[in-house]
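Undergrad: Structure file model14.cif (mmCIF, C-alpha atoms) is given on the next line.
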```cif
data_my_file
loop_
_atom_site.label_atom_id
_atom_site.label_comp_id
_atom_site.auth_asym_id
_atom_site.auth_seq_id
_atom_site.Cartn_x
_atom_site.Cartn_y
_atom_site.Cartn_z
CA MET Q 1 20.65 -35.10 -8.24
CA PHE Q 2 20.16 -36.88 -11.52
CA SER Q 3 23.03 -38.22 -13.55
CA GLY Q 4 22.83 -38.04 -17.34
CA ASN Q 5 21.07 -41.33 -18.13
CA LEU Q 6 18.86 -41.36 -15.10
CA LYS Q 7 17.54 -37.93 -16.13
CA LYS Q 8 16.12 -39.20 -19.40
CA GLN Q 9 14.60 -42.36 -17.99
CA ASN Q 10 12.78 -40.68 -15.17
CA SER Q 11 11.68 -37.56 -17.06
CA HIS Q 12 8.47 -38.80 -18.57
CA LYS Q 13 7.59 -41.09 -15.70
CA LEU Q 14 7.72 -38.39 -13.04
CA PHE Q 15 5.84 -35.90 -15.17
CA ILE Q 16 3.02 -38.32 -15.79
CA GLU Q 17 2.85 -39.49 -12.19
CA SER Q 18 2.72 -36.02 -10.72
CA ASP Q 19 -0.66 -34.45 -10.02
CA LEU Q 20 0.87 -31.05 -10.21
CA LYS Q 21 -0.06 -28.91 -13.17
CA ILE Q 22 3.15 -27.80 -14.78
CA TRP Q 23 3.04 -25.08 -17.41
CA ILE Q 24 5.95 -23.96 -19.54
CA ILE Q 25 6.04 -20.24 -20.26
CA LEU Q 26 7.74 -19.31 -23.52
CA PRO Q 27 8.35 -15.65 -24.24
CA ALA Q 28 9.12 -15.18 -27.92
CA TYR Q 29 10.24 -12.26 -30.03
CA ASN Q 30 11.12 -12.71 -33.70
CA GLU Q 31 12.08 -16.35 -33.36
CA GLU Q 32 10.41 -17.72 -36.49
CA LYS Q 33 13.50 -19.73 -37.41
CA ILE Q 34 13.54 -21.86 -34.32
CA VAL Q 35 10.31 -21.48 -32.34
CA GLY Q 36 8.66 -24.28 -34.32
CA LYS Q 37 11.38 -26.75 -33.42
CA VAL Q 38 11.32 -25.77 -29.76
CA LEU Q 39 7.53 -26.03 -29.49
CA LYS Q 40 7.46 -29.42 -31.23
CA GLU Q 41 10.07 -30.81 -28.85
CA LEU Q 42 8.16 -29.59 -25.81
CA PHE Q 43 4.79 -30.85 -27.09
CA ASN Q 44 6.38 -34.22 -27.74
CA LEU Q 45 7.30 -34.42 -24.08
CA GLY Q 46 3.62 -33.94 -23.26
CA LEU Q 47 4.09 -30.56 -21.65
CA ASN Q 48 1.53 -27.76 -21.32
CA LEU Q 49 2.72 -24.63 -23.08
CA ILE Q 50 1.95 -20.95 -22.78
CA VAL Q 51 3.52 -18.99 -25.60
CA ILE Q 52 3.63 -15.20 -25.61
CA ASP Q 53 4.56 -13.37 -28.74
CA ASP Q 54 5.99 -9.99 -27.76
CA GLY Q 55 5.02 -8.10 -30.88
CA SER Q 56 7.15 -10.02 -33.35
CA HIS Q 57 7.41 -8.70 -36.89
CA ASP Q 58 8.08 -12.10 -38.42
CA ARG Q 59 6.01 -15.24 -38.54
CA THR Q 60 6.63 -16.29 -34.94
CA TYR Q 61 2.96 -15.98 -34.04
CA GLU Q 62 1.67 -17.80 -37.11
CA ILE Q 63 4.09 -20.68 -36.64
CA ALA Q 64 3.18 -20.99 -32.97
CA TYR Q 65 -0.51 -20.76 -33.82
CA ASP Q 66 -0.41 -23.70 -36.21
CA LEU Q 67 1.45 -25.88 -33.73
CA ILE Q 68 -0.81 -24.95 -30.85
CA LYS Q 69 -3.90 -25.57 -32.90
CA SER Q 70 -2.72 -29.11 -33.56
CA HIS Q 71 -2.39 -29.76 -29.83
CA PRO Q 72 -5.74 -28.52 -28.52
CA GLY Q 73 -5.86 -27.95 -24.78
CA LYS Q 74 -2.11 -28.36 -24.38
CA GLY Q 75 -1.04 -24.98 -25.61
CA PHE Q 76 -2.20 -21.40 -25.37
CA LEU Q 77 -0.97 -18.45 -27.35
CA TYR Q 78 -0.95 -14.76 -26.55
CA ARG Q 79 0.33 -11.72 -28.33
CA HIS Q 80 1.41 -8.26 -27.24
CA PRO Q 81 0.39 -5.94 -30.08
CA ILE Q 82 3.56 -3.93 -29.46
CA ASN Q 83 6.93 -5.16 -28.29
CA ARG Q 84 7.17 -4.51 -24.58
CA GLY Q 85 10.19 -6.47 -23.43
CA LEU Q 86 10.98 -9.67 -21.58
CA GLY Q 87 9.71 -8.51 -18.20
CA ALA Q 88 6.26 -7.64 -19.48
CA THR Q 89 6.13 -10.86 -21.50
CA LEU Q 90 6.96 -13.07 -18.54
CA LYS Q 91 4.40 -11.23 -16.44
CA THR Q 92 1.71 -11.91 -19.04
CA GLY Q 93 2.79 -15.53 -19.19
CA MET Q 94 2.64 -15.99 -15.43
CA GLU Q 95 -0.78 -14.38 -15.26
CA ALA Q 96 -2.04 -16.70 -17.99
CA ALA Q 97 -0.57 -19.68 -16.17
CA LEU Q 98 -2.21 -18.65 -12.91
CA PHE Q 99 -5.56 -18.45 -14.75
CA LYS Q 100 -4.98 -22.02 -15.84
CA ASN Q 101 -4.50 -22.97 -12.20
CA ALA Q 102 -0.90 -23.92 -12.74
CA ASP Q 103 0.94 -25.29 -9.72
CA ILE Q 104 4.38 -24.88 -11.21
CA MET Q 105 5.45 -22.45 -13.91
CA VAL Q 106 8.69 -22.84 -15.82
CA THR Q 107 10.06 -20.03 -17.95
CA PHE Q 108 11.85 -21.39 -20.99
CA ASP Q 109 13.61 -19.57 -23.82
CA ALA Q 110 12.08 -19.90 -27.27
CA ASP Q 111 15.40 -19.57 -29.06
CA GLY Q 112 16.79 -23.03 -28.49
CA GLN Q 113 19.17 -22.08 -25.68
CA HIS Q 114 17.53 -24.39 -23.20
CA ASP Q 115 17.39 -28.15 -23.07
CA PRO Q 116 13.91 -29.60 -22.43
CA GLU Q 117 15.58 -32.30 -20.34
CA ASP Q 118 16.41 -29.62 -17.79
CA ILE Q 119 12.76 -28.84 -17.09
CA LEU Q 120 12.20 -31.68 -14.66
CA PRO Q 121 15.37 -31.06 -12.60
CA VAL Q 122 14.33 -27.46 -12.24
CA CYS Q 123 10.85 -28.43 -11.03
CA LYS Q 124 12.07 -31.06 -8.63
CA PRO Q 125 12.92 -28.84 -5.61
CA ILE Q 126 9.44 -27.32 -5.86
CA MET Q 127 7.74 -30.68 -6.27
CA GLU Q 128 9.58 -31.89 -3.19
CA GLY Q 129 8.45 -28.83 -1.26
CA ARG Q 130 11.96 -27.49 -0.69
CA ALA Q 131 11.74 -24.30 -2.71
CA ASP Q 132 9.39 -21.68 -4.12
CA VAL Q 133 11.70 -20.55 -6.88
CA VAL Q 134 14.32 -22.58 -8.71
CA ILE Q 135 16.89 -20.98 -10.97
CA GLY Q 136 18.66 -23.07 -13.54
CA ALA Q 137 22.32 -22.12 -13.28
CA ARG Q 138 24.50 -22.50 -16.35
CA ASP Q 139 28.03 -23.77 -16.13
CA PHE Q 140 30.14 -20.67 -16.64
CA ASN Q 141 33.06 -22.69 -17.88
CA GLU Q 142 31.11 -23.71 -20.95
CA MET Q 143 30.30 -20.12 -21.88
CA PRO Q 144 32.13 -18.09 -24.49
CA SER Q 145 34.39 -15.68 -22.58
CA GLN Q 146 32.50 -12.52 -23.52
CA LYS Q 147 29.24 -13.92 -22.24
CA LYS Q 148 30.98 -15.31 -19.19
CA ARG Q 149 32.37 -11.94 -18.22
CA ALA Q 150 29.08 -10.16 -18.89
CA ASN Q 151 27.21 -12.67 -16.74
CA GLN Q 152 29.80 -12.46 -13.97
CA ILE Q 153 29.38 -8.70 -13.93
CA MET Q 154 25.61 -9.12 -13.74
CA ASN Q 155 26.01 -11.50 -10.81
CA LEU Q 156 28.21 -8.93 -9.11
CA ILE Q 157 25.70 -6.15 -9.74
CA THR Q 158 22.91 -8.34 -8.41
CA TRP Q 159 24.95 -8.89 -5.30
CA ILE Q 160 25.70 -5.18 -4.83
CA PHE Q 161 22.18 -3.93 -5.44
CA TYR Q 162 20.14 -6.77 -4.01
CA GLY Q 163 22.49 -8.42 -1.61
CA ALA Q 164 21.97 -11.88 -3.05
CA HIS Q 165 24.77 -14.23 -4.04
CA VAL Q 166 23.43 -16.05 -7.08
CA LYS Q 167 25.33 -18.43 -9.35
CA ASP Q 168 23.51 -17.37 -12.51
CA SER Q 169 21.34 -14.30 -12.10
CA GLN Q 170 20.52 -13.95 -15.79
CA SER Q 171 19.39 -17.48 -16.51
CA GLY Q 172 16.14 -17.69 -18.44
CA LEU Q 173 15.23 -21.16 -17.19
CA ARG Q 174 13.40 -20.74 -13.90
CA ALA Q 175 10.59 -22.48 -12.08
CA PHE Q 176 8.06 -20.88 -9.77
CA ASN Q 177 5.28 -22.30 -7.66
CA ARG Q 178 1.93 -20.53 -7.33
CA LYS Q 179 2.95 -18.76 -4.15
CA ALA Q 180 6.03 -17.27 -5.81
CA ALA Q 181 4.21 -16.31 -8.99
CA VAL Q 182 1.55 -14.45 -7.04
CA ALA Q 183 4.08 -12.75 -4.80
CA LEU Q 184 6.36 -11.48 -7.54
CA ASP Q 185 5.88 -7.81 -8.21
CA ILE Q 186 7.88 -7.13 -11.34
CA VAL Q 187 8.06 -3.68 -12.86
CA SER Q 188 11.04 -3.96 -15.21
CA ARG Q 189 9.96 -4.32 -18.77
CA GLU Q 190 13.11 -5.54 -20.33
CA TYR Q 191 16.17 -7.51 -19.30
CA GLY Q 192 16.33 -5.98 -15.83
CA ILE Q 193 13.70 -8.51 -14.83
CA SER Q 194 16.32 -11.14 -14.05
CA SER Q 195 17.77 -9.08 -11.25
CA GLU Q 196 14.36 -7.94 -10.11
CA ILE Q 197 13.33 -11.53 -9.61
CA ILE Q 198 16.28 -11.94 -7.25
CA ARG Q 199 15.20 -8.85 -5.36
CA GLU Q 200 11.65 -10.10 -5.05
CA ILE Q 201 12.88 -13.45 -3.78
CA ARG Q 202 14.63 -11.68 -0.94
CA HIS Q 203 11.86 -9.19 -0.17
CA LYS Q 204 9.06 -11.72 -0.18
CA GLU Q 205 11.25 -14.28 1.59
CA LEU Q 206 10.78 -16.98 -1.01
CA ARG Q 207 12.86 -20.12 -0.78
CA MET Q 208 15.25 -20.33 -3.68
CA GLU Q 209 17.40 -23.12 -5.00
CA GLU Q 210 19.75 -23.34 -7.94
CA VAL Q 211 20.02 -26.38 -10.15
CA PRO Q 212 22.72 -26.89 -12.79
CA ILE Q 213 21.46 -26.85 -16.36
CA LYS Q 214 22.98 -27.39 -19.75
CA THR Q 215 24.17 -24.49 -21.85
CA ILE Q 216 23.33 -24.62 -25.52
CA TYR Q 217 25.10 -21.95 -27.51
CA THR Q 218 24.39 -22.00 -31.19
CA ASP Q 219 25.54 -19.28 -33.56
CA TYR Q 220 21.98 -18.08 -33.59
CA SER Q 221 21.47 -17.69 -29.86
CA LEU Q 222 24.90 -16.18 -29.30
CA SER Q 223 23.84 -12.97 -30.95
CA LYS Q 224 21.11 -12.35 -28.38
CA GLY Q 225 20.74 -12.14 -24.67
CA THR Q 226 23.27 -10.83 -22.22
CA ASN Q 227 26.31 -9.13 -23.58
CA THR Q 228 28.27 -6.16 -22.34
CA ILE Q 229 26.02 -3.52 -23.89
CA VAL Q 230 22.86 -5.05 -22.52
CA GLY Q 231 24.58 -5.40 -19.16
CA LEU Q 232 25.45 -1.72 -19.14
CA LYS Q 233 21.88 -0.81 -20.03
CA ILE Q 234 20.61 -2.85 -17.11
CA LEU Q 235 23.11 -1.16 -14.81
CA VAL Q 236 21.91 2.28 -15.86
CA LYS Q 237 18.33 1.22 -15.31
CA MET Q 238 19.07 -0.07 -11.84
CA ILE Q 239 20.75 3.15 -10.88
CA ARG Q 240 17.77 5.11 -12.14
CA GLU Q 241 15.41 2.94 -10.10
CA ILE Q 242 17.35 3.61 -6.94
CA LEU Q 243 17.37 7.35 -7.58
CA LYS Q 244 13.61 7.53 -8.15
CA MET O 1 11.35 56.15 -20.35
CA THR O 2 12.70 54.86 -23.60
CA LEU O 3 12.94 51.13 -23.82
CA LEU O 4 15.40 49.06 -25.81
CA LEU O 5 14.09 46.69 -28.45
CA TYR O 6 14.54 43.53 -26.42
CA GLN O 7 12.51 45.03 -23.64
CA TYR O 8 9.61 45.65 -26.01
CA ILE O 9 9.89 42.09 -27.28
CA GLY O 10 9.98 40.75 -23.75
CA ILE O 11 6.86 42.65 -22.74
CA LEU O 12 5.06 41.56 -25.89
CA ILE O 13 5.93 37.90 -25.37
CA GLY O 14 4.85 38.17 -21.75
CA ILE O 15 1.47 39.61 -22.65
CA ILE O 16 0.85 37.03 -25.38
CA GLY O 17 1.94 34.33 -22.97
CA ILE O 18 -0.51 35.44 -20.31
CA ILE O 19 -3.39 35.63 -22.77
CA TYR O 20 -2.61 32.21 -24.29
CA THR O 21 -2.19 30.61 -20.90
CA PHE O 22 -5.53 32.01 -19.76
CA LEU O 23 -7.29 30.78 -22.89
CA ARG O 24 -5.92 27.26 -22.50
CA PHE O 25 -7.02 27.21 -18.89
CA ARG O 26 -10.53 28.23 -19.86
CA GLU O 27 -10.60 25.48 -22.49
CA GLY O 28 -9.69 23.02 -19.81
CA LYS O 29 -6.37 22.18 -21.44
CA MET O 30 -4.31 23.51 -18.58
CA SER O 31 -4.56 22.85 -14.90
CA LEU O 32 -4.93 25.57 -12.30
CA GLY O 33 -1.48 24.80 -10.98
CA MET O 34 0.15 25.27 -14.36
CA LEU O 35 -1.85 28.47 -14.94
CA PHE O 36 -0.44 29.78 -11.70
CA ILE O 37 3.16 28.80 -12.48
CA TRP O 38 3.21 30.06 -16.03
CA GLY O 39 1.29 33.18 -15.05
CA ILE O 40 4.04 34.06 -12.62
CA ILE O 41 6.72 33.32 -15.20
CA TRP O 42 5.10 35.67 -17.72
CA ILE O 43 4.68 38.39 -15.10
CA ILE O 44 8.33 38.07 -14.11
CA LEU O 45 9.27 38.31 -17.79
CA ILE O 46 7.27 41.51 -18.18
CA GLY O 47 8.66 42.89 -14.96
CA LEU O 48 12.26 42.21 -15.91
CA SER O 49 11.66 43.62 -19.38
CA LEU O 50 10.41 46.85 -17.87
CA ASP O 51 13.24 47.09 -15.40
CA PRO O 52 16.21 44.85 -16.31
CA MET O 53 18.24 46.44 -13.55
CA ALA O 54 16.03 44.70 -11.03
CA THR O 55 18.08 41.57 -11.62
CA GLY O 56 20.95 43.42 -9.99
CA TYR O 57 19.15 43.07 -6.68
CA PHE O 58 18.98 39.32 -7.07
CA ALA O 59 22.57 39.19 -8.17
CA ASP O 60 23.68 40.81 -4.93
CA LEU O 61 21.27 38.67 -2.94
CA THR O 62 22.63 35.40 -4.27
CA GLY O 63 26.22 36.47 -4.60
CA ILE O 64 26.19 35.78 -8.33
CA GLY O 65 28.02 38.49 -10.28
CA ARG O 66 25.59 39.79 -12.82
CA GLY O 67 21.82 39.99 -12.92
CA LEU O 68 21.83 38.26 -16.27
CA ASP O 69 23.72 35.35 -14.77
CA VAL O 70 21.01 34.92 -12.14
CA VAL O 71 18.37 34.76 -14.85
CA LEU O 72 20.37 32.27 -16.89
CA ILE O 73 21.24 30.04 -13.97
CA LEU O 74 17.67 29.94 -12.72
CA GLY O 75 16.50 29.27 -16.25
CA LEU O 76 18.91 26.36 -16.56
CA ILE O 77 17.90 24.84 -13.25
CA GLY O 78 14.28 25.21 -14.30
CA CYS O 79 15.04 23.36 -17.53
CA TYR O 80 16.75 20.48 -15.74
CA TYR O 81 13.79 20.16 -13.42
CA LEU O 82 11.30 20.15 -16.29
CA ILE O 83 13.32 17.57 -18.21
CA PHE O 84 13.43 15.32 -15.15
CA ARG O 85 9.68 15.63 -14.79
CA ILE O 86 9.10 14.91 -18.46
CA TYR O 87 11.34 11.85 -18.28
CA ASN O 88 9.33 10.50 -15.37
CA MET O 89 6.06 11.21 -17.19
CA ILE O 90 7.28 9.27 -20.22
CA GLU O 91 8.29 6.37 -18.03
CA ASN O 92 4.81 6.33 -16.51
CA ILE O 93 3.22 6.38 -19.95
CA GLU O 94 5.42 3.46 -21.05
CA GLN O 95 4.23 1.47 -18.07
CA GLU O 96 0.62 2.25 -18.92
CA ILE O 97 1.16 1.14 -22.52
CA THR O 98 2.67 -2.08 -21.27
CA HIS O 99 -0.31 -2.63 -18.99
CA MET O 100 -2.63 -2.23 -21.97
CA ALA O 101 -0.58 -4.50 -24.21
CA ARG O 102 -0.66 -7.18 -21.54
CA GLU O 103 -4.41 -6.95 -21.08
CA MET O 104 -4.97 -7.13 -24.81
CA ALA O 105 -2.71 -10.17 -24.99
CA LEU O 106 -4.64 -12.02 -22.31
CA GLN O 107 -8.01 -11.14 -23.83
CA ARG O 108 -7.00 -12.51 -27.22
CA GLU O 109 -5.99 -15.98 -26.17
CA ASN O 110 -5.35 -18.22 -29.19
CA LYS O 111 -6.64 -15.63 -31.62
CA ASP O 112 -6.32 -16.54 -35.27
CA LEU O 113 -4.58 -13.53 -36.79
CA GLU O 114 -4.86 -14.72 -40.37
CA SER O 115 -8.60 -15.23 -40.18
CA LYS O 116 -10.55 -13.25 -42.75
CA GLU O 117 -13.53 -12.96 -40.41
CA ASP O 118 -13.23 -10.55 -37.54
CA LYS O 119 -16.51 -10.85 -35.70
CA GLU O 120 -15.42 -10.20 -32.12
CA ASN O 121 -13.28 -7.15 -32.63
#
```
Represent the supplied structure as structure tokens.
TA:
Amino acid sequence: MFSGNLKKQNSHKLFIESDLKIWIILPAYNEEKIVGKVLKELFNLGLNLIVIDDGSHDRTYEIAYDLIKSHPGKGFLYRHPINRGLGATLKTGMEAALFKNADIMVTFDADGQHDPEDILPVCKPIMEGRADVVIGARDFNEMPSQKKRANQIMNLITWIFYGAHVKDSQSGLRAFNRKAAVALDIVSREYGISSEIIREIRHKELRMEEVPIKTIYTDYSLSKGTNTIVGLKILVKMIREILK
Amino acid sequence: MTLLLYQYIGILIGIIGIIYTFLRFREGKMSLGMLFIWGIIWIILIGLSLDPMATGYFADLTGIGRGLDVVLILGLIGCYYLIFRIYNMIENIEQEITHMAREMALQRENKDLESKEDKEN
């Protein structure tokens, strides 16, 4: 477990020393305001990036394109011509990463909610051979109460439907090794993917660990992601899946 | 036998329905299965139009009060079934669209969207 200072010191060193190919997967939809900043930060850490634009209407793609062009070989950009949802976007990203022979894939939000310093801690259990999937769990006490409740409900639903007790089922910061990425069979297009990943972990008997990560809630990111309405939508979808 | 107006209309619709269904089948726009199903529906429509009292038999058979009620209830159940099927078809189509979007995305790695030249595509 890294303490605050130790995290920063060892970050770059361990990344450089590792032979493992680590790729960061960034799904993005209409994030022109912040995607540039996020990409710059990640490139500055020397990371390999796979960015997928899920049919944005704004300049997300163009901004990402310029940044990726200035870091040849370190970044690759893809675009869904039509918006298809988070699930489809992550699937595209994982497939692209597998083509690049990635050993570890880390999904990372493009809206500034995640701290790049959390990438290494989330990879660590995989690098040490202890896990196939690592989920970055947010500290619920730092969440605004509406989000907290919505996420708690999602955790409960995940437990009811998939029998897995997970600290943060909806977290967008996750790491997968090759074995997990190949084994995952995700069908959900939209936000239901978070719970589906839990299901797949159980079905395919993947080893899972949770690592605490920092929560960054800006005014901007608060308006997106899990809230009660989205949670209800996911619930309805899950029920439909079971009835099929 | 003198028929009421709605009976004439029913028979007419039934005949038109059969003809149209047949034509679409010949054009290849309808499957054999659907031809069969709709053919039966049109025949039933004509039959009931000729002899509406026939529904009385089904009413007694099912224990539902009036013949008309049998027709309506069956019609409603048929609608629910069709809606369920249509919903599932749409869901399948959505998944196919997603599959295509994903393939297109992977094929266009690092494509320059603002480029004036478009040689490849």
Undergrad: Translate the PyMOL selection byres ((chain O) within 8 of (chain Q)), as applied to the file shown, into an explicit residue set as a ChimeraX atom specification.
TA: /O:98,101-102,104-106,108-114
Undergrad: Output the selection as an mmCIF file, keeping the file's coordinate frame - C-alpha atoms for each residue.
TA:
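File selection25.cif, as written:
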```cif
data_model
loop_
_atom_site.group_PDB
_atom_site.id
_atom_site.type_symbol
_atom_site.label_atom_id
_atom_site.label_comp_id
_atom_site.auth_asym_id
_atom_site.auth_seq_id
_atom_site.Cartn_x
_atom_site.Cartn_y
_atom_site.Cartn_z
ATOM 1 C CA THR O 98 2.670 -2.080 -21.270
ATOM 2 C CA ALA O 101 -0.580 -4.500 -24.210
ATOM 3 C CA ARG O 102 -0.660 -7.180 -21.540
ATOM 4 C CA MET O 104 -4.970 -7.130 -24.810
ATOM 5 C CA ALA O 105 -2.710 -10.170 -24.990
ATOM 6 C CA LEU O 106 -4.640 -12.020 -22.310
ATOM 7 C CA ARG O 108 -7.000 -12.510 -27.220
ATOM 8 C CA GLU O 109 -5.990 -15.980 -26.170
ATOM 9 C CA ASN O 110 -5.350 -18.220 -29.190
ATOM 10 C CA LYS O 111 -6.640 -15.630 -31.620
ATOM 11 C CA ASP O 112 -6.320 -16.540 -35.270
ATOM 12 C CA LEU O 113 -4.580 -13.530 -36.790
ATOM 13 C CA GLU O 114 -4.860 -14.720 -40.370
#
```
Undergrad: Residues near range 119-136 of chain Q, anyone? I mean within 8 Å using only C-alpha atoms, not counting same-chain ones fewer than 5 positions away, as an NGL selection string.
TA: :Q and (1-2 or 11 or 15 or 20 or 104 or 106 or 168 or 171-177 or 179-180 or 201 or 206-213)
Undergrad: Quick one: pull the distance between CA of Ala137 in chain Q and CA of Lys167 in chain Q, Å, one decimal.
TA: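 About the pair CA of Ala137 in chain Q and CA of Lys167 in chain Q: they are 6.2 Å apart.
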Undergrad: One decimal, Å: what's the distance from CA of Met94 in chain Q over to CA of Gln95 in chain O, could you say?
TA: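 A separation of 17.7 Å between them.
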Undergrad: Give me the result of the PyMOL selection byres ((chain O and resi 10-12) around 12) on this file, residue by residue, as a ChimeraX atom specification.
TA: /O:3-9,13-19,41-52
Undergrad: Go ahead and write the selection's residues with C-alpha atoms as a JSON list (two decimals), keeping the file's coordinate frame.
TA:
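Output saved as again35.json:
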```json
[["chain", "number", "residue", "atom", "x", "y", "z"],
["O", 3, "LEU", "CA", 12.94, 51.13, -23.82],
["O", 4, "LEU", "CA", 15.40, 49.06, -25.81],
["O", 5, "LEU", "CA", 14.09, 46.69, -28.45],
["O", 6, "TYR", "CA", 14.54, 43.53, -26.42],
["O", 7, "GLN", "CA", 12.51, 45.03, -23.64],
["O", 8, "TYR", "CA", 9.61, 45.65, -26.01],
["O", 9, "ILE", "CA", 9.89, 42.09, -27.28],
["O", 13, "ILE", "CA", 5.93, 37.90, -25.37],
["O", 14, "GLY", "CA", 4.85, 38.17, -21.75],
["O", 15, "ILE", "CA", 1.47, 39.61, -22.65],
["O", 16, "ILE", "CA", 0.85, 37.03, -25.38],
["O", 17, "GLY", "CA", 1.94, 34.33, -22.97],
["O", 18, "ILE", "CA", -0.51, 35.44, -20.31],
["O", 19, "ILE", "CA", -3.39, 35.63, -22.77],
["O", 41, "ILE", "CA", 6.72, 33.32, -15.20],
["O", 42, "TRP", "CA", 5.10, 35.67, -17.72],
["O", 43, "ILE", "CA", 4.68, 38.39, -15.10],
["O", 44, "ILE", "CA", 8.33, 38.07, -14.11],
["O", 45, "LEU", "CA", 9.27, 38.31, -17.79],
["O", 46, "ILE", "CA", 7.27, 41.51, -18.18],
["O", 47, "GLY", "CA", 8.66, 42.89, -14.96],
["O", 48, "LEU", "CA", 12.26, 42.21, -15.91],
["O", 49, "SER", "CA", 11.66, 43.62, -19.38],
["O", 50, "LEU", "CA", 10.41, 46.85, -17.87],
["O", 51, "ASP", "CA", 13.24, 47.09, -15.40],
["O", 52, "PRO", "CA", 16.21, 44.85, -16.31]]
```
Undergrad: As an exercise, work out the distance from CA of Ala183 in chain Q to CA of Asp111 in chain Q in Å and give it to one decimal place.
TA: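 Rounded to one decimal, the two atoms are 27.6 Å apart.
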Undergrad: Q:Lys100, Q:Ile157, Q:Lys233, Q:Phe43: which is nearest Pro72 in chain Q, counting all atoms listed in the file?
TA: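 Ranked by minimum distance to Pro72 in chain Q, first place goes to Q:Phe43.
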Undergrad: Hey, what comes out of the PyMOL selection byres ((chain Q and resi 151) around 8) on this file? Could you write it as an MDAnalysis selection string?
TA: chainID Q and resid 147:150 152:155 168:170 226:227
